[in-house]
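Trainee: Questions regarding the structure given below will be posed in turn.
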Amino acid sequence: MTTNAALQDEPAPLMACTISRDVQNFELLIEDMEAECGEGWGDLSFEDASLFLSQPDAEGMEFVALAIDQEDEENLDTLIDLVKMARERDIRVLVIAEEVSPIALHKLLQVGAEEFVPYPLPDGALHDALDRMRRAALRRDDSDLPEEMRTKIKATGDKNGVVLAVQGLAGGTGSTTFAVNMAWELANVEEDGETPRVCLIDLDLQFGAIATYLDLPRREAVFELLQDTASMDSDSFLQALLTFNEKLQVLTAPGELIPLDLISAEDVERVLEVARTNFDYVVIDMPQCVVQWTETVLNAAHVYFALTELDMRSAQNTLRLIRALKSEDLPYNKMRYVLNRAPKFTDLSGKSRVKRMAESLDIKIEVLMPDGGKQVVQSNDHGVPLSEVAGKNPLRKEMQKLAHSIHESNMSVAEGA
């Protein structure tokens, strides 16, 4: 690039530029900038940078790389002014420093520079620094988030939450509806006294619908969290959550369709551990398919709800899953089978079919959920739990009973301990 390329008309908008006394003193930086930005970057002198940063053309840039060496410390005040000008226009600042004193670096970072990379640049150092800045920016990008959706609870780190996983054994069995309403009922289970802290996690990374069912936005912060669970702590986990109606904390699925193997068993284990230590109940909506980290969730879960219907596909899929779990010596005894759209009390023929299905599969169907009818679809489409639009719906009443049963059992165990 030519010395004043950033001040000339470009066929494509600039995404970045270097600012230095002489960019030719930083040849490795030139190579890395071309690798990261292609032709979408330019270089500026200190004098030209002050002029350019005050023009409208600078507003679309993503970052500037301030390249300095020992001689430039004499102009530290000018460098500080350049960092401040860039930050005022929401342009991130990366400092490339060769033999610069710690005091000078500290002052630049203090006024708004986000990253520092030593020169000569180690392999991949510029790419890694830009990646860190971009991820940090996504985590901070909550400017359009309504205040009532921001998570205000503080990390405790001292809880030992109950993990409740939910998986549909066939398409359309209502597993997400079950997970959403169970989490909401648990969050409201105490009319008097301390309200339990409940976290609802959507691990159906591709087609998760919890965000739709609760009318919550899908945030890039979720994707960034799942990509880097190794550096996750309680605070960063809570920042990725959204609050529904001041009571329920939700980790939605990512905004884009991503591979299910994007996260590993270790990633899921870290997420569940952080969630368990900060919440009383952790409800997980699982994908319908079995993935490499299904075993991780099954081992961590206190109860693993498997939703079925009274049809042949559900029966066959249940049998296949049981065989798979037994062959791998996994704790299939944690499975609690839920029959959705169960026959009514007066439907003796239907009840007989339920009994025969359970006997043929050698399982016990412990939870029978009635058909909630059109009100279930309406509540999901409106983005609210069933209790908010149809409190007397038979499905809602059974969900409420189930939540109370879970909470009472948990309290009994806690008191016994």
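Chains: A, B, ... in order of the structure tokens. Residues: from 1 per chain. Ligands: from 1, in order shown.
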Just want the 8 Å neighbourhood of Ala187 (chain A), counted on only C-alpha atoms, with same-chain residues fewer than 2 positions away dropped. Output as a PyMOL selection string.
Mentor: chain A and resi 183-185+189-190+195-198+247-248
Trainee: Using N, CA and C atoms, can you write the selected residues to a file as a compact mmCIF listing (two decimals), in the first residue's frame?
Mentor:
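Below is the file that was written, selection_26.txt:
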```txt
# COMPACT_ATOMS: atom_id res chain seq x y z
N ALA A 183 -39.65 -25.09 33.10
CA ALA A 183 -38.73 -24.10 33.67
C ALA A 183 -39.49 -22.92 34.25
N TRP A 184 -40.52 -22.47 33.54
CA TRP A 184 -41.29 -21.33 34.02
C TRP A 184 -42.07 -21.67 35.29
N GLU A 185 -42.64 -22.86 35.34
CA GLU A 185 -43.37 -23.26 36.55
C GLU A 185 -42.42 -23.41 37.73
N VAL A 189 -42.63 -21.58 41.44
CA VAL A 189 -43.16 -22.62 42.31
C VAL A 189 -43.36 -22.13 43.74
N GLU A 190 -42.61 -21.14 44.17
CA GLU A 190 -42.73 -20.61 45.53
C GLU A 190 -43.58 -19.35 45.52
N THR A 195 -37.69 -17.30 45.87
CA THR A 195 -37.95 -17.88 44.55
C THR A 195 -36.70 -18.63 44.07
N PRO A 196 -36.86 -19.86 43.59
CA PRO A 196 -35.69 -20.60 43.08
C PRO A 196 -35.08 -19.89 41.87
N ARG A 197 -33.79 -20.01 41.76
CA ARG A 197 -33.10 -19.50 40.57
C ARG A 197 -33.11 -20.59 39.51
N VAL A 198 -33.71 -20.28 38.35
CA VAL A 198 -33.89 -21.28 37.29
C VAL A 198 -33.22 -20.80 36.02
N LYS A 247 -37.89 -13.47 36.06
CA LYS A 247 -37.79 -14.67 36.90
C LYS A 247 -36.97 -15.79 36.28
N LEU A 248 -36.98 -15.89 34.97
CA LEU A 248 -36.34 -17.02 34.31
C LEU A 248 -35.14 -16.55 33.50
```
Trainee: List the neighbours of region 211-227 of chain A out to 9 Å using only C-alpha atoms; skip same-chain residues closer than 3 positions along the sequence, and give me the result as a ChimeraX atom specification.
Mentor: /A:135-136,138-142,145,149,176-177,180,202,208,230-232,236-237,239-244,250-256,262-263,267-268,271,379-385
Trainee: For Ala275 (chain A), which residue out of A:Ile210, A:Cys199, A:Leu368, A:Leu186 is the nearest one, using only C-alpha atoms?
Mentor: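 Nearest candidate to Ala275 (chain A) out of A:Ile210, A:Cys199, A:Leu368, A:Leu186: A:Cys199.
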Trainee: Could you pull out the alpha helix (DSSP H) residues of region 176-213 of chain A, going by DSSP on the backbone, and write them as a CSV table (one decimal) with C-alpha atoms, in the first residue's frame?
Mentor:
```
chain,number,residue,atom,x,y,z
A,176,THR,CA,-39.4,-27.7,23.8
A,177,THR,CA,-42.9,-26.8,25.0
A,178,PHE,CA,-42.4,-29.1,27.9
A,179,ALA,CA,-38.9,-27.7,28.8
A,180,VAL,CA,-40.1,-24.0,28.5
A,181,ASN,CA,-43.2,-24.5,30.7
A,182,MET,CA,-41.5,-26.7,33.2
A,183,ALA,CA,-38.7,-24.1,33.7
A,184,TRP,CA,-41.3,-21.3,34.0
A,185,GLU,CA,-43.4,-23.3,36.5
A,186,LEU,CA,-40.2,-24.0,38.6
A,187,ALA,CA,-39.4,-20.3,38.6
A,210,ILE,CA,-36.8,-21.5,23.0
A,211,ALA,CA,-36.0,-18.0,21.8
A,212,THR,CA,-39.2,-18.0,19.7
A,213,TYR,CA,-41.4,-19.5,22.5
```
Trainee: If you run DSSP over the backbone, which residues in region 109-341 of chain A end up strand (DSSP E)? Put them as JSON, numbers by chain.
Mentor: {"A": [115, 116, 117, 118, 162, 163, 164, 165, 166, 167, 168, 198, 199, 200, 201, 202, 242, 243, 244, 248, 249, 250, 251, 281, 282, 283, 284, 285, 303, 304, 305, 306, 307, 308, 335, 336, 337, 338, 339, 340, 341]}
